[in-house]
Amino acid sequence: MRTLAFYNLKGGVGKTAAAVNVACCAARDGQATCLWDLDPQGAASWYLRDTAGLELKAKKLLKEKNALDSQVRPTAFPGLDLIPADTTYRHLDLLFEQSDAPREVLAKLVKPLTDRYDLLVLDCPPSFSRLSENIFALADTVAVPLIPTPLSMRALAQVSEFLARKDLDRGQLLPFFSMVDRRRQLHRQWLTSPTEAPPNLLKTHVPYASIVEQMGQRQSPLVQFAPHSPAGQAYQSLWEELRQALGSGRSAERR
Ligand SMILES: Nc1ncnc2c1ncn2[C@@H]1O[C@H](COP(=O)(O)OP(=O)(O)OP(=O)(O)O)[C@@H](O)[C@H]1O
Ligand SMILES: [Mg+2]
């Protein structure tokens, strides 16, 4: 099983939209896929029509080896399962506090899923926290959506610094441009000035498109209800790039 996280310190940059659509593309591509909604806001769970929330009990998770297994639910989308959001915010934090290896908690929890899935996708909240340290320690690849503006570049630099400070692997960060609006001069300028391109930038740009917002009303991935829209095609091509990156990186060595 390979693990792909969608992360940015910055909020509202398209992490969840990308995580849900890429997970759906992976499932359609024949990969047994599980998406773990790690954000208490629960947006990914909502898009995948799961509103029941997680029933994690920290004690149970600490004691029982396969406790996470019972939290995995099928979604309405073939080949895609979900671990819904912990909307109480509390259980993972409790686990981090109680663990002897607080950076390895997520990795331990997902071990029982290893044989069951080809791909685990993590939708992450926008913060630096014990949770984000766990995410970086676990993920084979961290995809970072960036709105093409100087502030976003600054957020990416901060993520790199955080990883360096915490001695976490930096090679795995794969930024891509998100919510790109070519009518905006600033966006065009960043897209066409390769000297300022961040390292390991993916080729795919996800365009700004109001159809992406319809995911909330339809409770469905865009690639499900509008696969041929420009944004739907962008998520498909994002998945293809990420599949290659996952296949040739650290993850492949681990398999
Ligand atoms: N490509 C896009 N074009 C237009 N709107 C988008 C696009 N991607 C996401 N959105 C909208 O922008 C908002 C934020 O997107 P999303 O929830 O994916 O971001 P996020 O980075 O996960 O946010 P948070 O940090 O709050 O978790 C949502 O309302 C979503 O529908
Ligand atoms: Mg989100």
# chains A, B, ... in the order shown; residues from 1 in each chain; ligands from 1

call {"tool": "select_by_dssp", "arguments": {"residues": "stretch 135-206 of chain A", "states": "helix (DSSP H, G or I)", "output": "PyMOL selection string"}}
result
chain A and resi 135-138+150-165+185-191+194-196

call {"tool": "write_last_selection", "arguments": {"atoms": "N, CA and C atoms", "output": "JSON list (two decimals), in the first residue's frame"}}
result
[["chain", "number", "residue", "atom", "x", "y", "z"],
["A", 135, "ILE", "N", 1.67, 12.66, 9.54],
["A", 135, "ILE", "CA", 1.35, 12.55, 8.11],
["A", 135, "ILE", "C", 2.65, 12.51, 7.29],
["A", 136, "PHE", "N", 3.58, 13.41, 7.61],
["A", 136, "PHE", "CA", 4.84, 13.43, 6.86],
["A", 136, "PHE", "C", 5.65, 12.16, 7.10],
["A", 137, "ALA", "N", 5.56, 11.63, 8.32],
["A", 137, "ALA", "CA", 6.31, 10.40, 8.60],
["A", 137, "ALA", "C", 5.72, 9.21, 7.85],
["A", 138, "LEU", "N", 4.42, 9.25, 7.61],
["A", 138, "LEU", "CA", 3.75, 8.12, 6.98],
["A", 138, "LEU", "C", 3.72, 8.19, 5.45],
["A", 150, "PRO", "N", 2.45, 34.85, -4.57],
["A", 150, "PRO", "CA", 3.62, 34.85, -3.70],
["A", 150, "PRO", "C", 3.33, 34.28, -2.31],
["A", 151, "LEU", "N", 2.15, 34.54, -1.77],
["A", 151, "LEU", "CA", 1.83, 34.04, -0.42],
["A", 151, "LEU", "C", 1.83, 32.52, -0.36],
["A", 152, "SER", "N", 1.34, 31.89, -1.44],
["A", 152, "SER", "CA", 1.33, 30.44, -1.49],
["A", 152, "SER", "C", 2.74, 29.89, -1.52],
["A", 153, "MET", "N", 3.60, 30.57, -2.27],
["A", 153, "MET", "CA", 5.00, 30.12, -2.34],
["A", 153, "MET", "C", 5.64, 30.21, -0.96],
["A", 154, "ARG", "N", 5.24, 31.23, -0.23],
["A", 154, "ARG", "CA", 5.78, 31.40, 1.12],
["A", 154, "ARG", "C", 5.32, 30.24, 2.00],
["A", 155, "ALA", "N", 4.04, 29.86, 1.85],
["A", 155, "ALA", "CA", 3.52, 28.74, 2.65],
["A", 155, "ALA", "C", 4.28, 27.45, 2.31],
["A", 156, "LEU", "N", 4.59, 27.27, 1.03],
["A", 156, "LEU", "CA", 5.34, 26.07, 0.63],
["A", 156, "LEU", "C", 6.74, 26.08, 1.27],
["A", 157, "ALA", "N", 7.37, 27.27, 1.26],
["A", 157, "ALA", "CA", 8.69, 27.38, 1.87],
["A", 157, "ALA", "C", 8.60, 27.06, 3.37],
["A", 158, "GLN", "N", 7.52, 27.50, 4.00],
["A", 158, "GLN", "CA", 7.36, 27.22, 5.43],
["A", 158, "GLN", "C", 7.20, 25.73, 5.69],
["A", 159, "VAL", "N", 6.50, 25.05, 4.78],
["A", 159, "VAL", "CA", 6.33, 23.60, 4.93],
["A", 159, "VAL", "C", 7.70, 22.92, 4.81],
["A", 160, "SER", "N", 8.49, 23.34, 3.82],
["A", 160, "SER", "CA", 9.83, 22.76, 3.65],
["A", 160, "SER", "C", 10.68, 22.99, 4.90],
["A", 161, "GLU", "N", 10.59, 24.20, 5.44],
["A", 161, "GLU", "CA", 11.38, 24.51, 6.65],
["A", 161, "GLU", "C", 10.93, 23.64, 7.82],
["A", 162, "PHE", "N", 9.62, 23.47, 7.95],
["A", 162, "PHE", "CA", 9.07, 22.65, 9.03],
["A", 162, "PHE", "C", 9.63, 21.22, 8.93],
["A", 163, "LEU", "N", 9.62, 20.69, 7.71],
["A", 163, "LEU", "CA", 10.11, 19.32, 7.51],
["A", 163, "LEU", "C", 11.59, 19.22, 7.85],
["A", 164, "ALA", "N", 12.35, 20.24, 7.44],
["A", 164, "ALA", "CA", 13.79, 20.21, 7.72],
["A", 164, "ALA", "C", 14.02, 20.28, 9.23],
["A", 165, "ARG", "N", 13.29, 21.16, 9.89],
["A", 165, "ARG", "CA", 13.45, 21.34, 11.34],
["A", 165, "ARG", "C", 13.11, 20.07, 12.09],
["A", 185, "GLN", "N", -3.86, 38.39, -13.79],
["A", 185, "GLN", "CA", -2.50, 38.62, -14.27],
["A", 185, "GLN", "C", -1.46, 37.96, -13.35],
["A", 186, "LEU", "N", -1.71, 38.04, -12.05],
["A", 186, "LEU", "CA", -0.76, 37.46, -11.10],
["A", 186, "LEU", "C", -0.61, 35.95, -11.32],
["A", 187, "HIS", "N", -1.73, 35.28, -11.57],
["A", 187, "HIS", "CA", -1.67, 33.83, -11.82],
["A", 187, "HIS", "C", -0.89, 33.55, -13.09],
["A", 188, "ARG", "N", -1.20, 34.31, -14.16],
["A", 188, "ARG", "CA", -0.51, 34.08, -15.43],
["A", 188, "ARG", "C", 0.99, 34.28, -15.27],
["A", 189, "GLN", "N", 1.31, 35.33, -14.52],
["A", 189, "GLN", "CA", 2.72, 35.67, -14.32],
["A", 189, "GLN", "C", 3.47, 34.52, -13.62],
["A", 190, "TRP", "N", 2.88, 33.95, -12.58],
["A", 190, "TRP", "CA", 3.54, 32.86, -11.86],
["A", 190, "TRP", "C", 3.63, 31.60, -12.70],
["A", 191, "LEU", "N", 2.61, 31.39, -13.54],
["A", 191, "LEU", "CA", 2.61, 30.18, -14.37],
["A", 191, "LEU", "C", 3.67, 30.24, -15.45],
["A", 194, "PRO", "N", 9.23, 30.43, -15.17],
["A", 194, "PRO", "CA", 9.82, 29.19, -14.66],
["A", 194, "PRO", "C", 10.97, 29.39, -13.69],
["A", 195, "THR", "N", 11.61, 30.56, -13.70],
["A", 195, "THR", "CA", 12.71, 30.76, -12.75],
["A", 195, "THR", "C", 12.21, 30.72, -11.30],
["A", 196, "GLU", "N", 10.92, 31.03, -11.14],
["A", 196, "GLU", "CA", 10.39, 31.03, -9.77],
["A", 196, "GLU", "C", 9.60, 29.77, -9.45]]

call {"tool": "residues_near_ligand", "arguments": {"ligand": "ligand 1", "cutoff": "9 Å", "atoms": "only C-alpha atoms and all ligand atoms", "output": "MDAnalysis selection string"}}
result
chainID A and resid 6:20 39 41:44 123:127 145 178:181 206:216 231

call {"tool": "write_last_selection", "arguments": {"atoms": "C-alpha atoms", "output": "PDB file, in the first residue's frame"}}
result
ATOM      1  CA  PHE A   6      -2.840  16.224   0.253  1.00  0.00           C
ATOM      2  CA  TYR A   7      -1.414  18.876   2.509  1.00  0.00           C
ATOM      3  CA  ASN A   8      -0.782  22.580   2.734  1.00  0.00           C
ATOM      4  CA  LEU A   9      -0.312  24.848   5.703  1.00  0.00           C
ATOM      5  CA  LYS A  10      -2.639  27.241   3.907  1.00  0.00           C
ATOM      6  CA  GLY A  11      -6.384  26.699   4.110  1.00  0.00           C
ATOM      7  CA  GLY A  12      -8.869  26.795   1.240  1.00  0.00           C
ATOM      8  CA  VAL A  13      -6.388  25.973  -1.541  1.00  0.00           C
ATOM      9  CA  GLY A  14      -8.105  22.874  -2.950  1.00  0.00           C
ATOM     10  CA  LYS A  15      -6.630  20.049  -0.837  1.00  0.00           C
ATOM     11  CA  THR A  16      -9.925  18.304  -0.207  1.00  0.00           C
ATOM     12  CA  ALA A  17     -11.240  18.740  -3.746  1.00  0.00           C
ATOM     13  CA  ALA A  18      -8.021  17.219  -5.098  1.00  0.00           C
ATOM     14  CA  ALA A  19      -7.892  14.401  -2.520  1.00  0.00           C
ATOM     15  CA  VAL A  20     -11.454  13.273  -3.253  1.00  0.00           C
ATOM     16  CA  ASP A  39      -9.774  16.996   8.876  1.00  0.00           C
ATOM     17  CA  GLN A  41     -14.273  19.760   9.235  1.00  0.00           C
ATOM     18  CA  GLY A  42     -15.246  16.519   7.458  1.00  0.00           C
ATOM     19  CA  ALA A  43     -15.533  17.993   3.960  1.00  0.00           C
ATOM     20  CA  ALA A  44     -14.156  14.887   2.211  1.00  0.00           C
ATOM     21  CA  ASP A 123      -6.990  14.584   3.284  1.00  0.00           C
ATOM     22  CA  CYS A 124      -5.184  16.784   5.814  1.00  0.00           C
ATOM     23  CA  PRO A 125      -6.193  19.843   7.814  1.00  0.00           C
ATOM     24  CA  PRO A 126      -4.184  23.055   7.293  1.00  0.00           C
ATOM     25  CA  SER A 127      -1.855  23.207  10.294  1.00  0.00           C
ATOM     26  CA  PRO A 145      -1.865  22.422  -3.930  1.00  0.00           C
ATOM     27  CA  SER A 178      -4.537  24.764  -7.945  1.00  0.00           C
ATOM     28  CA  MET A 179      -7.514  27.082  -8.510  1.00  0.00           C
ATOM     29  CA  VAL A 180      -5.677  28.674 -11.416  1.00  0.00           C
ATOM     30  CA  ASP A 181      -7.500  31.629 -12.916  1.00  0.00           C
ATOM     31  CA  VAL A 206      -6.191  22.538 -11.709  1.00  0.00           C
ATOM     32  CA  PRO A 207      -8.190  25.461 -13.110  1.00  0.00           C
ATOM     33  CA  TYR A 208     -10.477  27.657 -11.053  1.00  0.00           C
ATOM     34  CA  ALA A 209     -13.954  26.444 -12.106  1.00  0.00           C
ATOM     35  CA  SER A 210     -17.272  26.989 -10.399  1.00  0.00           C
ATOM     36  CA  ILE A 211     -18.329  23.432 -11.308  1.00  0.00           C
ATOM     37  CA  VAL A 212     -15.890  22.200  -8.624  1.00  0.00           C
ATOM     38  CA  GLU A 213     -18.084  23.894  -6.014  1.00  0.00           C
ATOM     39  CA  GLN A 214     -21.029  21.765  -7.134  1.00  0.00           C
ATOM     40  CA  MET A 215     -19.361  18.819  -5.421  1.00  0.00           C
ATOM     41  CA  GLY A 216     -20.897  20.089  -2.188  1.00  0.00           C
ATOM     42  CA  ALA A 231     -11.246  20.595 -14.097  1.00  0.00           C
TER      43      ALA A 231
END

call {"tool": "closest_residue", "arguments": {"among": "A:Ser99, A:Ser45, A:Ser237, A:Thr192", "to": "ligand 2", "atoms": "only C-alpha atoms and all ligand atoms"}}
result
A:Ser45

call {"tool": "atom_distance", "arguments": {"atom1": "atom CA of A:Pro148", "atom2": "atom CA of A:Leu242"}}
result
19.6 Å

call {"tool": "residues_around", "arguments": {"residues": "A:Asp93", "least_positions_apart": "2", "cutoff": "10 Å", "atoms": "only C-alpha atoms", "output": "PyMOL selection string"}}
result
chain A and resi 58+89-91+95-98+102+129-131

call {"tool": "residues_around", "arguments": {"residues": "A:Glu241", "least_positions_apart": "2", "cutoff": "12 Å", "atoms": "only C-alpha atoms", "output": "mmCIF file with N, CA, C and O atoms, in the first residue's frame"}}
result
data_model
loop_
_atom_site.group_PDB
_atom_site.id
_atom_site.type_symbol
_atom_site.label_atom_id
_atom_site.label_comp_id
_atom_site.auth_asym_id
_atom_site.auth_seq_id
_atom_site.Cartn_x
_atom_site.Cartn_y
_atom_site.Cartn_z
ATOM 1 N N VAL A 22 -8.836 12.750 -6.877
ATOM 2 C CA VAL A 22 -7.714 11.857 -7.192
ATOM 3 C C VAL A 22 -8.001 10.449 -6.651
ATOM 4 O O VAL A 22 -7.756 9.444 -7.331
ATOM 5 N N CYS A 25 -10.344 8.834 -9.035
ATOM 6 C CA CYS A 25 -9.636 8.431 -10.272
ATOM 7 C C CYS A 25 -8.824 7.158 -10.032
ATOM 8 O O CYS A 25 -8.801 6.262 -10.885
ATOM 9 N N ALA A 26 -8.151 7.100 -8.874
ATOM 10 C CA ALA A 26 -7.326 5.921 -8.571
ATOM 11 C C ALA A 26 -8.200 4.681 -8.491
ATOM 12 O O ALA A 26 -7.857 3.621 -9.035
ATOM 13 N N THR A 141 4.224 10.165 -0.585
ATOM 14 C CA THR A 141 4.210 11.386 -1.383
ATOM 15 C C THR A 141 3.234 12.373 -0.756
ATOM 16 O O THR A 141 2.139 11.988 -0.356
ATOM 17 N N ALA A 143 1.296 15.665 -1.827
ATOM 18 C CA ALA A 143 0.929 16.586 -2.899
ATOM 19 C C ALA A 143 0.475 17.890 -2.254
ATOM 20 O O ALA A 143 -0.336 17.883 -1.321
ATOM 21 N N LEU A 174 5.382 17.238 -3.488
ATOM 22 C CA LEU A 174 5.118 17.476 -4.905
ATOM 23 C C LEU A 174 4.058 18.574 -5.032
ATOM 24 O O LEU A 174 2.862 18.294 -4.920
ATOM 25 N N PRO A 175 4.487 19.823 -5.253
ATOM 26 C CA PRO A 175 3.501 20.892 -5.403
ATOM 27 C C PRO A 175 2.841 20.878 -6.778
ATOM 28 O O PRO A 175 3.424 20.385 -7.758
ATOM 29 N N PHE A 176 1.620 21.359 -6.828
ATOM 30 C CA PHE A 176 0.953 21.568 -8.121
ATOM 31 C C PHE A 176 0.080 22.805 -8.005
ATOM 32 O O PHE A 176 -0.393 23.151 -6.922
ATOM 33 N N ASN A 200 10.248 20.303 -7.907
ATOM 34 C CA ASN A 200 9.351 19.143 -8.089
ATOM 35 C C ASN A 200 7.926 19.519 -8.470
ATOM 36 O O ASN A 200 6.987 18.761 -8.207
ATOM 37 N N LEU A 201 7.763 20.686 -9.087
ATOM 38 C CA LEU A 201 6.414 21.122 -9.470
ATOM 39 C C LEU A 201 5.820 20.161 -10.503
ATOM 40 O O LEU A 201 6.463 19.843 -11.507
ATOM 41 N N LEU A 202 4.596 19.696 -10.248
ATOM 42 C CA LEU A 202 3.922 18.830 -11.214
ATOM 43 C C LEU A 202 3.452 19.672 -12.396
ATOM 44 O O LEU A 202 3.294 20.888 -12.283
ATOM 45 N N LYS A 203 3.195 18.982 -13.523
ATOM 46 C CA LYS A 203 2.808 19.723 -14.732
ATOM 47 C C LYS A 203 1.334 20.140 -14.696
ATOM 48 O O LYS A 203 0.947 21.138 -15.283
ATOM 49 N N THR A 204 0.521 19.350 -14.026
ATOM 50 C CA THR A 204 -0.927 19.608 -14.037
ATOM 51 C C THR A 204 -1.275 20.895 -13.298
ATOM 52 O O THR A 204 -0.764 21.149 -12.203
ATOM 53 N N HIS A 205 -2.140 21.694 -13.918
ATOM 54 C CA HIS A 205 -2.741 22.846 -13.231
ATOM 55 C C HIS A 205 -4.217 22.531 -13.059
ATOM 56 O O HIS A 205 -4.887 22.204 -14.037
ATOM 57 N N ALA A 234 -8.317 17.748 -15.461
ATOM 58 C CA ALA A 234 -7.102 18.114 -14.710
ATOM 59 C C ALA A 234 -6.891 17.147 -13.536
ATOM 60 O O ALA A 234 -5.767 16.709 -13.284
ATOM 61 N N TYR A 235 -7.970 16.802 -12.821
ATOM 62 C CA TYR A 235 -7.805 15.850 -11.704
ATOM 63 C C TYR A 235 -7.355 14.494 -12.226
ATOM 64 O O TYR A 235 -6.539 13.815 -11.597
ATOM 65 N N GLN A 236 -7.865 14.088 -13.384
ATOM 66 C CA GLN A 236 -7.444 12.820 -13.962
ATOM 67 C C GLN A 236 -5.940 12.878 -14.287
ATOM 68 O O GLN A 236 -5.189 11.954 -13.969
ATOM 69 N N SER A 237 -5.499 13.985 -14.866
ATOM 70 C CA SER A 237 -4.078 14.047 -15.242
ATOM 71 C C SER A 237 -3.210 14.212 -13.982
ATOM 72 O O SER A 237 -2.084 13.700 -13.927
ATOM 73 N N LEU A 238 -3.759 14.855 -12.953
ATOM 74 C CA LEU A 238 -3.035 14.931 -11.670
ATOM 75 C C LEU A 238 -2.820 13.523 -11.114
ATOM 76 O O LEU A 238 -1.730 13.177 -10.656
ATOM 77 N N TRP A 239 -3.885 12.707 -11.169
ATOM 78 C CA TRP A 239 -3.754 11.328 -10.685
ATOM 79 C C TRP A 239 -2.675 10.594 -11.486
ATOM 80 O O TRP A 239 -1.839 9.896 -10.924
ATOM 81 N N ARG A 243 0.437 8.930 -9.794
ATOM 82 C CA ARG A 243 0.621 7.473 -9.886
ATOM 83 C C ARG A 243 2.062 7.160 -10.281
ATOM 84 O O ARG A 243 2.704 6.283 -9.722
ATOM 85 N N GLN A 244 2.565 7.917 -11.239
ATOM 86 C CA GLN A 244 3.962 7.710 -11.662
ATOM 87 C C GLN A 244 4.921 7.998 -10.528
ATOM 88 O O GLN A 244 5.859 7.257 -10.293
ATOM 89 N N ALA A 245 4.672 9.103 -9.835
ATOM 90 C CA ALA A 245 5.569 9.486 -8.733
ATOM 91 C C ALA A 245 5.540 8.414 -7.640
ATOM 92 O O ALA A 245 6.573 8.038 -7.090
ATOM 93 N N LEU A 246 4.376 7.903 -7.333
ATOM 94 C CA LEU A 246 4.248 6.886 -6.284
ATOM 95 C C LEU A 246 4.907 5.586 -6.711
ATOM 96 O O LEU A 246 5.510 4.888 -5.903
ATOM 97 N N GLY A 247 4.812 5.305 -8.002
ATOM 98 C CA GLY A 247 5.354 4.038 -8.508
ATOM 99 C C GLY A 247 6.854 4.014 -8.554
ATOM 100 O O GLY A 247 7.452 2.953 -8.477
ATOM 101 N N SER A 248 7.473 5.208 -8.633
ATOM 102 C CA SER A 248 8.930 5.186 -8.816
ATOM 103 C C SER A 248 9.677 5.687 -7.587
ATOM 104 O O SER A 248 10.887 5.775 -7.591
#

call {"tool": "atom_distance", "arguments": {"atom1": "atom CA of A:Arg28", "atom2": "atom CA of A:Leu120"}}
result
14.3 Å

call {"tool": "residues_around", "arguments": {"residues": "A:Phe77", "least_positions_apart": "4", "cutoff": "9 Å", "atoms": "only C-alpha atoms", "output": "PDB file with N, CA, C and O atoms, in the first residue's frame"}}
result
ATOM      1  N   CYS A  24     -10.861   9.087  -6.291  1.00  0.00           N
ATOM      2  CA  CYS A  24     -11.877   8.495  -7.161  1.00  0.00           C
ATOM      3  C   CYS A  24     -11.243   8.029  -8.483  1.00  0.00           C
ATOM      4  O   CYS A  24     -11.550   6.936  -8.984  1.00  0.00           O
ATOM      5  N   ALA A  27      -9.355   4.826  -7.832  1.00  0.00           N
ATOM      6  CA  ALA A  27     -10.268   3.674  -7.692  1.00  0.00           C
ATOM      7  C   ALA A  27     -10.759   3.226  -9.069  1.00  0.00           C
ATOM      8  O   ALA A  27     -10.813   2.026  -9.361  1.00  0.00           O
ATOM      9  N   ARG A  28     -11.077   4.202  -9.912  1.00  0.00           N
ATOM     10  CA  ARG A  28     -11.562   3.848 -11.258  1.00  0.00           C
ATOM     11  C   ARG A  28     -10.469   3.207 -12.095  1.00  0.00           C
ATOM     12  O   ARG A  28     -10.727   2.484 -13.044  1.00  0.00           O
ATOM     13  N   LEU A  48     -18.245  12.457  -0.033  1.00  0.00           N
ATOM     14  CA  LEU A  48     -18.427  11.025  -0.300  1.00  0.00           C
ATOM     15  C   LEU A  48     -19.664  10.484   0.414  1.00  0.00           C
ATOM     16  O   LEU A  48     -19.821   9.276   0.585  1.00  0.00           O
ATOM     17  N   ASP A  81     -13.121   3.269  -0.604  1.00  0.00           N
ATOM     18  CA  ASP A  81     -13.595   3.210   0.779  1.00  0.00           C
ATOM     19  C   ASP A  81     -13.173   4.488   1.507  1.00  0.00           C
ATOM     20  O   ASP A  81     -12.327   5.242   1.024  1.00  0.00           O
ATOM     21  N   SER A 220     -20.631  14.446  -4.494  1.00  0.00           N
ATOM     22  CA  SER A 220     -20.022  13.518  -5.450  1.00  0.00           C
ATOM     23  C   SER A 220     -18.724  14.129  -5.970  1.00  0.00           C
ATOM     24  O   SER A 220     -18.637  15.349  -6.122  1.00  0.00           O
ATOM     25  N   GLN A 224     -16.740  12.197 -11.192  1.00  0.00           N
ATOM     26  CA  GLN A 224     -17.873  11.280 -11.330  1.00  0.00           C
ATOM     27  C   GLN A 224     -19.000  11.929 -12.149  1.00  0.00           C
ATOM     28  O   GLN A 224     -19.572  11.314 -13.008  1.00  0.00           O
TER      29      GLN A 224
END

call {"tool": "atom_distance", "arguments": {"atom1": "atom CA of A:Gln172", "atom2": "atom CA of A:Asp86"}}
result
26.4 Å

call {"tool": "closest_residue", "arguments": {"among": "A:Thr3, A:Leu80, A:Asp115, A:Leu122", "to": "ligand 2", "atoms": "only C-alpha atoms and all ligand atoms"}}
result
A:Leu122

call {"tool": "closest_residue", "arguments": {"among": "A:Pro199, A:Leu4, A:Pro40, A:Pro84", "to": "A:Ala139", "atoms": "only C-alpha atoms"}}
result
A:Leu4

call {"tool": "select_by_dssp", "arguments": {"residues": "stretch 116-148 of chain A", "states": "strand (DSSP E or B)", "output": "list in words"}}
result
Leu119, Leu120, Val121, Leu122, Asp123, Thr141, Val142, Ala143, Val144, Pro145 and Leu146 of chain A

call {"tool": "write_last_selection", "arguments": {"atoms": "all heavy atoms", "output": "CSV table (one decimal), in the first residue's frame"}}
result
chain,number,residue,atom,x,y,z
A,119,LEU,N,-3.8,1.8,-2.3
A,119,LEU,CA,-3.5,3.3,-2.1
A,119,LEU,C,-4.3,3.8,-0.9
A,119,LEU,O,-5.5,3.6,-0.8
A,119,LEU,CB,-3.9,4.0,-3.4
A,119,LEU,CG,-3.7,5.5,-3.3
A,119,LEU,CD1,-2.2,5.8,-3.3
A,119,LEU,CD2,-4.3,6.2,-4.6
A,120,LEU,N,-3.6,4.5,-0.1
A,120,LEU,CA,-4.3,5.3,1.0
A,120,LEU,C,-4.1,6.7,0.7
A,120,LEU,O,-3.0,7.2,0.6
A,120,LEU,CB,-3.7,4.9,2.4
A,120,LEU,CG,-4.2,5.7,3.6
A,120,LEU,CD1,-5.7,5.3,3.9
A,120,LEU,CD2,-3.4,5.3,4.8
A,121,VAL,N,-5.2,7.5,0.6
A,121,VAL,CA,-5.2,8.9,0.4
A,121,VAL,C,-5.5,9.6,1.7
A,121,VAL,O,-6.5,9.3,2.3
A,121,VAL,CB,-6.2,9.3,-0.8
A,121,VAL,CG1,-6.2,10.8,-1.0
A,121,VAL,CG2,-5.8,8.6,-2.1
A,122,LEU,N,-4.7,10.6,2.1
A,122,LEU,CA,-5.0,11.4,3.3
A,122,LEU,C,-5.4,12.8,3.0
A,122,LEU,O,-4.7,13.5,2.3
A,122,LEU,CB,-3.7,11.4,4.2
A,122,LEU,CG,-3.0,10.1,4.5
A,122,LEU,CD1,-1.7,10.3,5.3
A,122,LEU,CD2,-4.0,9.2,5.3
A,123,ASP,N,-6.6,13.2,3.4
A,123,ASP,CA,-7.0,14.6,3.3
A,123,ASP,C,-6.7,15.3,4.6
A,123,ASP,O,-7.2,14.9,5.7
A,123,ASP,CB,-8.5,14.7,3.0
A,123,ASP,CG,-8.9,16.2,2.8
A,123,ASP,OD1,-8.0,17.0,2.3
A,123,ASP,OD2,-10.0,16.5,3.1
A,141,THR,N,4.2,10.2,-0.6
A,141,THR,CA,4.2,11.4,-1.4
A,141,THR,C,3.2,12.4,-0.8
A,141,THR,O,2.1,12.0,-0.4
A,141,THR,CB,3.8,11.1,-2.8
A,141,THR,OG1,4.8,10.3,-3.4
A,141,THR,CG2,3.5,12.3,-3.6
A,142,VAL,N,3.7,13.6,-0.7
A,142,VAL,CA,2.8,14.7,-0.2
A,142,VAL,C,2.5,15.7,-1.3
A,142,VAL,O,3.4,16.4,-1.7
A,142,VAL,CB,3.4,15.4,1.0
A,142,VAL,CG1,2.5,16.5,1.5
A,142,VAL,CG2,3.7,14.5,2.2
A,143,ALA,N,1.3,15.7,-1.8
A,143,ALA,CA,0.9,16.6,-2.9
A,143,ALA,C,0.5,17.9,-2.3
A,143,ALA,O,-0.3,17.9,-1.3
A,143,ALA,CB,-0.2,16.0,-3.7
A,144,VAL,N,1.0,19.0,-2.8
A,144,VAL,CA,0.8,20.3,-2.1
A,144,VAL,C,0.1,21.2,-3.1
A,144,VAL,O,0.7,21.8,-4.0
A,144,VAL,CB,2.1,21.0,-1.6
A,144,VAL,CG1,1.8,22.3,-0.9
A,144,VAL,CG2,2.9,20.0,-0.8
A,145,PRO,N,-1.2,21.5,-3.0
A,145,PRO,CA,-1.9,22.4,-3.9
A,145,PRO,C,-1.4,23.9,-3.6
A,145,PRO,O,-1.4,24.2,-2.5
A,145,PRO,CB,-3.4,22.2,-3.7
A,145,PRO,CG,-3.5,21.4,-2.4
A,145,PRO,CD,-2.2,20.9,-2.1
A,146,LEU,N,-1.1,24.6,-4.7
A,146,LEU,CA,-0.6,26.0,-4.5
A,146,LEU,C,-1.4,26.9,-5.4
A,146,LEU,O,-1.5,26.6,-6.6
A,146,LEU,CB,0.8,26.1,-5.0
A,146,LEU,CG,1.9,25.4,-4.3
A,146,LEU,CD1,3.2,25.7,-5.0
A,146,LEU,CD2,2.0,25.9,-2.9

call {"tool": "residues_around", "arguments": {"residues": "stretch 62-69 of chain A", "least_positions_apart": "6", "cutoff": "8 Å", "atoms": "only C-alpha atoms", "output": "short mmCIF file (atom, residue, chain, number, x, y, z; two decimals) with N, CA, C and O atoms, in the first residue's frame"}}
result
data_model
loop_
_atom_site.label_atom_id
_atom_site.label_comp_id
_atom_site.auth_asym_id
_atom_site.auth_seq_id
_atom_site.Cartn_x
_atom_site.Cartn_y
_atom_site.Cartn_z
N LEU A 56 -14.16 6.56 16.62
CA LEU A 56 -12.90 6.15 17.23
C LEU A 56 -12.97 6.28 18.74
O LEU A 56 -13.50 7.25 19.25
N LEU A 95 -4.49 10.07 21.43
CA LEU A 95 -3.54 9.01 21.09
C LEU A 95 -2.11 9.52 21.04
O LEU A 95 -1.19 8.89 21.52
N LEU A 109 -1.50 2.78 13.14
CA LEU A 109 -2.95 2.59 12.95
C LEU A 109 -3.27 2.01 11.57
O LEU A 109 -4.19 1.21 11.43
N VAL A 110 -2.52 2.44 10.56
CA VAL A 110 -2.88 2.01 9.19
C VAL A 110 -2.27 0.65 8.83
O VAL A 110 -2.61 0.10 7.78
N PRO A 112 -2.88 -2.43 9.63
CA PRO A 112 -3.81 -3.48 9.22
C PRO A 112 -4.43 -3.25 7.83
O PRO A 112 -4.98 -4.18 7.24
N LEU A 113 -4.33 -2.03 7.32
CA LEU A 113 -4.92 -1.76 5.99
C LEU A 113 -3.97 -2.11 4.85
O LEU A 113 -4.36 -2.14 3.68
#

call {"tool": "closest_residue", "arguments": {"among": "A:Ala32, A:Met1, A:Ala85, A:Thr114", "to": "ligand 2", "atoms": "only C-alpha atoms and all ligand atoms"}}
result
A:Ala85
